[in-house]
Amino acid sequence: MEYDVGFTQRVYSHPPLRIDDPSPIPKCETDMAKKRNGKAKKSSWKRRSKPGDAPGTLVVDPNAFPTLIRVIGFGGPDIIEKEIQDLQELRSLIATTPLLWVDVVGLGSDSTLREIASLLQLHPLAMEDVVNVYQRAKVEDFDHTLFVIARMIDGHDAGLTEQLSFFLKSNVLVTFQERYGDCWDPLRQRIRQRRGKVAESDLDYLLYSMLDAVIDSYFPVIEHIVEQVDALEADIIEEVRNEQMHRVHELRGQLLGVRRAIRPHREMVNELVRDTIPSIRPETRVHLRDCYDHVIQVIDTVDTYRELTSDLRDFYLSSVSNSMNEVMKLLTIISTIFIPLSFIAGVYGMNFSDDSPWNMPELKWKFGYFFSLALMGLVASVLLVYFRRRRWI
Amino acid sequence: MEYDVGFTQRVYSHPPLRIDDPSPIPKCETDMAKKRNGKAKKSSWKRRSKPGDAPGTLVVDPNAFPTLIRVIGFGGPDIIEKEIQDLQELRSLIATTPLLWVDVVGLGSDSTLREIASLLQLHPLAMEDVVNVYQRAKVEDFDHTLFVIARMIDGHDAGLTEQLSFFLKSNVLVTFQERYGDCWDPLRQRIRQRRGKVAESDLDYLLYSMLDAVIDSYFPVIEHIVEQVDALEADIIEEVRNEQMHRVHELRGQLLGVRRAIRPHREMVNELVRDTIPSIRPETRVHLRDCYDHVIQVIDTVDTYRELTSDLRDFYLSSVSNSMNEVMKLLTIISTIFIPLSFIAGVYGMNFSDDSPWNMPELKWKFGYFFSLALMGLVASVLLVYFRRRRWI
Amino acid sequence: MEYDVGFTQRVYSHPPLRIDDPSPIPKCETDMAKKRNGKAKKSSWKRRSKPGDAPGTLVVDPNAFPTLIRVIGFGGPDIIEKEIQDLQELRSLIATTPLLWVDVVGLGSDSTLREIASLLQLHPLAMEDVVNVYQRAKVEDFDHTLFVIARMIDGHDAGLTEQLSFFLKSNVLVTFQERYGDCWDPLRQRIRQRRGKVAESDLDYLLYSMLDAVIDSYFPVIEHIVEQVDALEADIIEEVRNEQMHRVHELRGQLLGVRRAIRPHREMVNELVRDTIPSIRPETRVHLRDCYDHVIQVIDTVDTYRELTSDLRDFYLSSVSNSMNEVMKLLTIISTIFIPLSFIAGVYGMNFSDDSPWNMPELKWKFGYFFSLALMGLVASVLLVYFRRRRWI
Amino acid sequence: MEYDVGFTQRVYSHPPLRIDDPSPIPKCETDMAKKRNGKAKKSSWKRRSKPGDAPGTLVVDPNAFPTLIRVIGFGGPDIIEKEIQDLQELRSLIATTPLLWVDVVGLGSDSTLREIASLLQLHPLAMEDVVNVYQRAKVEDFDHTLFVIARMIDGHDAGLTEQLSFFLKSNVLVTFQERYGDCWDPLRQRIRQRRGKVAESDLDYLLYSMLDAVIDSYFPVIEHIVEQVDALEADIIEEVRNEQMHRVHELRGQLLGVRRAIRPHREMVNELVRDTIPSIRPETRVHLRDCYDHVIQVIDTVDTYRELTSDLRDFYLSSVSNSMNEVMKLLTIISTIFIPLSFIAGVYGMNFSDDSPWNMPELKWKFGYFFSLALMGLVASVLLVYFRRRRWI
Amino acid sequence: MEYDVGFTQRVYSHPPLRIDDPSPIPKCETDMAKKRNGKAKKSSWKRRSKPGDAPGTLVVDPNAFPTLIRVIGFGGPDIIEKEIQDLQELRSLIATTPLLWVDVVGLGSDSTLREIASLLQLHPLAMEDVVNVYQRAKVEDFDHTLFVIARMIDGHDAGLTEQLSFFLKSNVLVTFQERYGDCWDPLRQRIRQRRGKVAESDLDYLLYSMLDAVIDSYFPVIEHIVEQVDALEADIIEEVRNEQMHRVHELRGQLLGVRRAIRPHREMVNELVRDTIPSIRPETRVHLRDCYDHVIQVIDTVDTYRELTSDLRDFYLSSVSNSMNEVMKLLTIISTIFIPLSFIAGVYGMNFSDDSPWNMPELKWKFGYFFSLALMGLVASVLLVYFRRRRWI
């Protein structure tokens, strides 16, 4: 069985997938997919449901991507991977497949989402959270369904996160993604090739593997920020420039964004680790503990670097101030030296009448001119020596 | 049964309502209602009861709006919605209606409030909190009555909040509002049309739906603030102006106000979620947990944006300082270049006597003038080159 | 029974009281009382006992007010209210009265205090706290005596607090006050007139009523501060002045003082609310919870306003800096424009000899003067245009 | 029995003590003791044991004071107080005395310390802490020995603390002090004179009394700092001077030092109060709770004053900035007024030829000079009025 | 048995060790070892495994040092210490030695690490953490294996830490080190010489001893930083210089680094102290509590010094500002005095015609010149007196 589905990391090269049956759905070319995903912006804080709306009201974002469904069935003798066009097909797959991963990508098709929710008996409040894609990471246990929300960070823009929602039922794991492309292709590959524990284990292990991948997606982002902070620090130490403050501000904003996205994961993963949730088996908890450590790792780094950029800002400001002071001091010293000299020149430029011998006798001295120049030189020297003494120059 | 009561979202178009019986109470025209509500200001911190007054003393604010009572009875075959003029009528409704929502709007009528409190056996301490409209959100359980206080935020002024008080008894839910108009009209509509769970469920679900609407009322407000902060940030990055600091300060004040209003809701909703309160059924707790998530969401956003505006302020200040430094540096450089030149001109303006050949021979040179100009040009060039070398210009 | 004892709120008009028997104690005229209380200053941080002194050593402040004792007995058929001169009388009252409030005002009489302590079997460590009037609010349970300390704030000076100590025994409530005058006169009135719950209830309700009055005494103070902060903010926005920073600093200091005084009350009241203290009945706990809410309210307001003044300070500083920058920029621009002009004037003031035609030919031009003026005008215009372009003016 | 041992508070006047037997140890004269203690510096952060050394290695500081041992035995018919030269004597005293306080002063004698530790079976890890005198206050329970560390503050230097270590065994209390002199002389006096509870009670009460004295030693220190902060605030409000910032910084450093020293005591005393330690009897716990209150009191004051000095620093900085701005503004205004005037004078100093009637006709006017002076006056007035209008002067 | 293995503290002088058998592994000369270790940089934040990789994937850093294995067997009659070339040898040693310490240094040999992991049945997730050397200190309990991570700090560079991983199984303790050289040579010496408890005790005591040495390695580092901070403070108080801010920033960065490294140890050691981990015996817990105190000690010092450097930075900035203000004020005063004088000279340099007697009569006065000089002197004096009065000079 060959699976060269040509997925790039975050963009479906050929969504919808055509595996067994030629798909009638128009192809999303990579470029088009990229372009559409390119339109994606910071998760809007706009709630679509209005205050007073019935709780659990499903208001789909008209600008969201159209919904595609794709399943991977495993755990039995065959591994089934297909695009779902007709939800009846999904219903029969659920009945026949030992373990089924239903991957729903794009939250733009109102009716499809409603049908999935009703078919899989997903709680309306949870579905409301699924389509309102600004939720914090969290876990909730609705009777026999474990509902998890996580946020994946975009490798190229720390401010852009994607909400991922998971429903874990007895033999079905449903995932909802905002955008095409994810970081789970290695996982799919492992299932297809029956490699690793994920193909042999239960769905809670698959859920853990997905969360692990999501949290690992933060590492390259903070590594990138950390490198930039370190480079900026070296740069500021070397020479202070105006635009550096802008960079500091930008990096602080990114760190704040990452922290905001990652922080709720701590509580979320911790709740999964604790032994109160029946759908998570003890052997998976050991792995989730590892996942928890990674979350702490990210939070810790972000917090440290928030502090470090705060220190950096103070350092930048004091450096700017120092360098500015140097400039102003030197300029002021130049003026201060020339002003008394100009005054002397001004005095000897006065037009007092020659009639009185008492008026400006220096003007008539033989070496009056040199005397005045010497006087100026003396004044300048005295000032220079004084300034040097006080270490101003 | 038709209910085109023409309520706008926050203003009763025809309070008091006339549904079954033509109301003898003078009509509150929308404009008048608006005008009266328009007088509303930030919840005053003035306690009306004095230190030493007996606890539970009811001191009504003489400037509060006159009290109107309106009930919706449901849960049985008929849905009853009427204005209550006579409290005897209320008493009989309580006895006969399965579920009754008593909505008391305006806290200005001393005797009416006292009668309601005595009829429904509301605890004096709770009633004291109801009329002292500066309470923090909280929940208290007086024997068989659940007492909840929440604060609704005004969509147009983040600093203006309205205290809402709830009493949940076996078959009666009493709400007290400060001002006319609320965000519960969609709820009323759902009850009237027997749509959604609220019409079929118990009063604790109604309470939850109300709280949910109250907390959802914070979303548009913070969305508005968030947009303004983002716009301000872009504006500051583009060009620094004096009034921006005022905007930053204002937005920080608004965020502080929202945080202060919303923060106690966390504890309040959390207490409702915990299973210690008998009047809240387990199935409602699931919904309240969703409500709790929303509170956390708002708090989280407000905290993030407080930090962000703090960063923004620092960025603004350093930008102002940078731009000011640029100006002062350039001006000082201009002065510094011209001061030595003026000094040279001053020297050649001295009036030393021509009698001595040693006095200012340059004045008698053929090209003395050009020499002096050249000297000035040289000095200026040297300074300019020096300043350029040191990257000051 | 008439009780026109003429107490003003915080000053005993006629201490000691004469109710039944003409008191032989010299009258404290209001003026004198005020004057003495007027001497009261911020609770000194001076411990009178020295390190190494035996714990429980009673060292009375020689400057404290002389001790007066006054009792109100109630709960039985008669209400007894008298000044106690002889402690034997107190002993017999304790034996015969169902409920007795012993109010000890002024902590200056060493022997009286010792006698009271020994008569009522008050713990030496508690008595040490009573006379060292810089304690934080706290509650302690010595076997059968509940010991509570609270701090009342002065309505006119946020920095001035008075320590109030309470001992609750089976049928006696002892209170110790630092200064004459308190906020409990309405309470006394209610007991005398057998109005309200306090006259019918047990002593724990009396204790609660007292604490409630004490905590309510903080409200006018913070309301006053809040008003001043709001006024100051409006003032700073309108125009920046030097003395405003002083006001900000002062208000921050007051808020710090209030916070320091009120904060320990949270823990204190909370401990009373929790059901571990047998002397507090459950029905009183409900009331204490209300009291707890008030404490939280005060703390919350103080914290919010600390933050707000912090923001205000930053805003003030940046406003000052902005306005200063404006001034300096304009002044520097004026100088910068005139310095090149002066330079030109200086050039044409040089005395190069007319002998050479190459020396300063402009001086001999027919319109040389106007040329020079035009040159100056041109330079000034160019600079003005340039400065305007860069938006400096 | 007479005990005029002439101890001053923190310096042994005659260590070692001679009570029963003339001591062969050379006398430490007060001056010498003071001098030696005078050498004491901030507790060094140098660990003497190296990383990798066996835990519990006893490495004595070669610069520490020589070790003196002194015991007070009580609880029986006789009170025994003597210097111990021979540890065999100590062994027999332990066997025969009901309650024994072994006071070890000076941690410089390696062999003596080892012998004491082995004789009294003190845990090696605890002994390591005893000689490494930079420990935080803590309590540990080694089987049958309670080990407590506290830090006493020096009344004259807030940065100088002394580590005190306590071992409480069944009938022996061992204390280790770094330096000669302590604050326990009143305690010793009470034991000798069989005054107070300490002489009748068990050793846990003695331990409490010692800790109480240690914690009380913080009060004069913070009172001193508080007074200085208040005085400094008044001073800054009156007039801003450069050295004030140094004072603020110094006081902040002192507060930080005190906080660092006192803070661990909270946890330490709290652990003693909790009923998990068997060597502390319930009746002593009541007293320790009082001690705990004192610790909180100190911490609270220190924290408040840290905040207050932070506010003070901001106030100082803004005052300095304001006053500096005033100076610079006035100076710049003076310059700004004179620069245009000088320009006018410069214009009329130009040497345009008289040949052309168009050149500088003002020079030939009859009142040209007064005209020019009037012009200057006019310009100056206009500027002055303008500056006054804008409230710059 | 002689062990002059010539280890320096942090560099294996002869790794791999040759004890019994001449090792065929090429010798790592000290210089070479140093050089290789010298290449070591701040623990990179680069994860080598990619998001989506199977959890527990072992991706060895190609730049890590080659892996060497060395064992010390003890607890029985012989002490065995050898380099392991063949893992079969290790297998037999495990079977035959009562207590075995397997020390794996260098994490660069993929196959060796895999073999060790499989031989000793180390959990894949733990092994992943071992090779990803940027983990925070932590403890995990995988069934029968206790897994601990600690970070040792480099004595010469506070920013450089080395990850140490420990696996404690029934009779084997495996340690993984990043770099050659450690701080455990004294420990090895004690085992070889059967000195101290470590040679007689179980492996949990050995683990404790190692952790103790690791944590003690922080002391010299913070002592060094503390000394530098204190010296810098004294330096700033004496004289303010530009580069001091750089030093403050650097030291703050170092403190942040140390804090980040040490902080997770608190939780880690605390977890070991708590009695939930079966592999740690109660008698070892006593020692770990001591270790915990040391961690707290380090954290406390770091936090205090973070605050102190923050204060120091504020002090530095205000000092710089004060000193700068002094300079600018003096310079401006000089200019301000000379500008009016220059103006007077300019006035008497005007060329008003002598024709009119009203034009500049002073020029014709006999002592006009002296008059003008006197006028200038007067103006200068008035200004000087005024400036002195206002305390500007």
# chains A, B, ... in the order shown; residues from 1 in each chain; ligands from 1

$ residues_around --residues "region 212-225 of chain A" --least-positions-apart "2" --cutoff "6 Å" --atoms "only C-alpha atoms" --output "list in words"
Met152, Gly155, Tyr208, Ser209, Met210, Glu227, Gln228 and Cys291 of chain A; Pro51 and Gly52 of chain E

$ select_by_dssp --residues "region 17-239 of chain E" --states "strand (DSSP E or B)" --output "ChimeraX atom specification"
/E:68-74,80-84,99-105,138-142,145-154,157-168,172-177

$ closest_atom_pairs --of "chain D" --to "chain E" --cutoff "7 Å" --atoms "only C-alpha atoms" --output "JSON lines"
{"residue": "D:Trp45", "atom": "CA", "partner": "E:Glu223", "partner_atom": "CA", "distance": 6.2}
{"residue": "D:Lys46", "atom": "CA", "partner": "E:Glu223", "partner_atom": "CA", "distance": 6.5}
{"residue": "D:Pro51", "atom": "CA", "partner": "E:Ala213", "partner_atom": "CA", "distance": 4.8}
{"residue": "D:Gly52", "atom": "CA", "partner": "E:Ala213", "partner_atom": "CA", "distance": 4.5}
{"residue": "D:Asp53", "atom": "CA", "partner": "E:Pro186", "partner_atom": "CA", "distance": 6.4}
{"residue": "D:Asn242", "atom": "CA", "partner": "E:Asn322", "partner_atom": "CA", "distance": 6.8}
{"residue": "D:His249", "atom": "CA", "partner": "E:Phe315", "partner_atom": "CA", "distance": 6.5}
{"residue": "D:Met328", "atom": "CA", "partner": "E:Lys329", "partner_atom": "CA", "distance": 6.9}
{"residue": "D:Leu331", "atom": "CA", "partner": "E:Thr336", "partner_atom": "CA", "distance": 6.2}
{"residue": "D:Ile334", "atom": "CA", "partner": "E:Thr336", "partner_atom": "CA", "distance": 6.7}
{"residue": "D:Ser335", "atom": "CA", "partner": "E:Thr336", "partner_atom": "CA", "distance": 5.9}
{"residue": "D:Phe338", "atom": "CA", "partner": "E:Pro340", "partner_atom": "CA", "distance": 6.2}
{"residue": "D:Leu341", "atom": "CA", "partner": "E:Phe343", "partner_atom": "CA", "distance": 6.9}
{"residue": "D:Ser342", "atom": "CA", "partner": "E:Phe343", "partner_atom": "CA", "distance": 4.8}
{"residue": "D:Ala345", "atom": "CA", "partner": "E:Val347", "partner_atom": "CA", "distance": 5.0}
{"residue": "D:Gly346", "atom": "CA", "partner": "E:Gly346", "partner_atom": "CA", "distance": 6.0}
{"residue": "D:Tyr348", "atom": "CA", "partner": "E:Met350", "partner_atom": "CA", "distance": 4.9}
{"residue": "D:Gly349", "atom": "CA", "partner": "E:Met350", "partner_atom": "CA", "distance": 3.8}
{"residue": "D:Leu363", "atom": "CA", "partner": "E:Phe352", "partner_atom": "CA", "distance": 4.3}
{"residue": "D:Lys364", "atom": "CA", "partner": "E:Ser353", "partner_atom": "CA", "distance": 5.2}
{"residue": "D:Lys366", "atom": "CA", "partner": "E:Ser356", "partner_atom": "CA", "distance": 5.1}
{"residue": "D:Phe367", "atom": "CA", "partner": "E:Trp358", "partner_atom": "CA", "distance": 6.1}
{"residue": "D:Gly368", "atom": "CA", "partner": "E:Asn359", "partner_atom": "CA", "distance": 6.5}
{"residue": "D:Tyr369", "atom": "CA", "partner": "E:Asn359", "partner_atom": "CA", "distance": 5.0}

$ select_by_dssp --residues "region 158-223 of chain B" --states "alpha helix (DSSP H)" --output "PyMOL selection string"
chain B and resi 185-192+196-200+203-216+218-223

$ residues_around --residues "Gln121 (chain D)" --least-positions-apart "3" --cutoff "12 Å" --atoms "only C-alpha atoms" --output "mmCIF file with C-alpha atoms, in the first residue's frame"
data_model
loop_
_atom_site.group_PDB
_atom_site.id
_atom_site.type_symbol
_atom_site.label_atom_id
_atom_site.label_comp_id
_atom_site.auth_asym_id
_atom_site.auth_seq_id
_atom_site.Cartn_x
_atom_site.Cartn_y
_atom_site.Cartn_z
ATOM 1 C CA ARG D 91 27.918 15.118 80.902
ATOM 2 C CA LEU D 113 32.149 21.723 68.782
ATOM 3 C CA ARG D 114 32.783 18.136 67.715
ATOM 4 C CA GLU D 115 32.828 16.958 71.325
ATOM 5 C CA ILE D 116 29.579 18.755 72.134
ATOM 6 C CA ALA D 117 27.952 17.283 69.066
ATOM 7 C CA SER D 118 29.059 13.784 69.948
ATOM 8 C CA PRO D 124 25.871 15.897 61.646
ATOM 9 C CA LEU D 125 23.705 17.649 59.041
ATOM 10 C CA ALA D 126 22.365 19.967 61.730
ATOM 11 C CA MET D 127 25.896 20.642 63.027
ATOM 12 C CA PHE D 142 15.418 14.753 63.899
ATOM 13 C CA ASP D 143 13.827 11.860 65.764
ATOM 14 C CA HIS D 144 13.978 13.029 69.353
ATOM 15 C CA THR D 145 15.684 16.318 68.768
ATOM 16 C CA PHE D 167 18.564 21.905 69.786
ATOM 17 C CA LEU D 168 15.725 20.865 72.039
ATOM 18 C CA LYS D 169 16.132 17.414 73.567
ATOM 19 C CA VAL D 172 18.529 19.803 77.484
ATOM 20 C CA VAL D 174 21.451 23.683 73.445
#

$ residues_around --residues "Val258 (chain C)" --least-positions-apart "3" --cutoff "10 Å" --atoms "only C-alpha atoms" --output "ChimeraX atom specification"
/C:153,158-161,218,221-222,252-255,261-263,298-299,302

$ write_last_selection --atoms "N, CA and C atoms" --output "tab-separated table (two decimals), in the first residue's frame"
chain	number	residue	atom	x	y	z
C	153	ILE	N	-10.87	53.13	61.08
C	153	ILE	CA	-10.15	54.20	60.39
C	153	ILE	C	-10.81	55.52	60.72
C	158	ALA	N	-6.87	59.34	56.62
C	158	ALA	CA	-6.76	57.93	56.23
C	158	ALA	C	-5.58	57.25	56.91
C	159	GLY	N	-4.62	58.05	57.38
C	159	GLY	CA	-3.44	57.45	57.98
C	159	GLY	C	-3.63	57.11	59.45
C	160	LEU	N	-4.76	57.54	60.02
C	160	LEU	CA	-4.96	57.41	61.46
C	160	LEU	C	-5.97	56.29	61.74
C	161	THR	N	-5.52	55.23	62.36
C	161	THR	CA	-6.44	54.16	62.70
C	161	THR	C	-6.42	53.94	64.20
C	218	TYR	N	-14.75	52.28	56.86
C	218	TYR	CA	-13.77	52.45	55.78
C	218	TYR	C	-14.41	53.04	54.53
C	221	VAL	N	-14.15	56.77	53.87
C	221	VAL	CA	-12.75	57.16	53.65
C	221	VAL	C	-12.34	56.84	52.22
C	222	ILE	N	-12.62	55.61	51.78
C	222	ILE	CA	-12.19	55.32	50.40
C	222	ILE	C	-13.03	56.08	49.38
C	252	ARG	N	-1.52	57.90	46.84
C	252	ARG	CA	-0.98	56.53	46.86
C	252	ARG	C	-0.60	56.13	48.28
C	253	GLY	N	-0.03	57.08	49.01
C	253	GLY	CA	0.32	56.79	50.40
C	253	GLY	C	-0.91	56.48	51.23
C	254	GLN	N	-1.98	57.26	51.01
C	254	GLN	CA	-3.22	57.01	51.75
C	254	GLN	C	-3.80	55.64	51.42
C	255	LEU	N	-3.80	55.31	50.13
C	255	LEU	CA	-4.33	54.01	49.72
C	255	LEU	C	-3.52	52.88	50.35
C	261	ALA	N	-4.25	48.71	56.69
C	261	ALA	CA	-5.16	48.57	57.83
C	261	ALA	C	-6.24	47.54	57.57
C	262	ILE	N	-6.82	47.57	56.36
C	262	ILE	CA	-7.99	46.71	56.10
C	262	ILE	C	-7.60	45.27	55.80
C	263	ARG	N	-6.47	45.07	55.14
C	263	ARG	CA	-6.16	43.73	54.63
C	263	ARG	C	-6.24	42.63	55.66
C	298	VAL	N	-13.80	46.67	50.00
C	298	VAL	CA	-12.85	47.75	50.30
C	298	VAL	C	-11.48	47.41	49.72
C	299	ILE	N	-11.02	46.18	49.96
C	299	ILE	CA	-9.69	45.79	49.47
C	299	ILE	C	-9.65	45.91	47.96
C	302	VAL	N	-9.45	49.51	46.91
C	302	VAL	CA	-8.13	50.06	47.19
C	302	VAL	C	-7.12	49.55	46.18

$ atom_distance --atom1 "CA of Gly377 (chain E)" --atom2 "CA of Met376 (chain A)"
18.0 Å
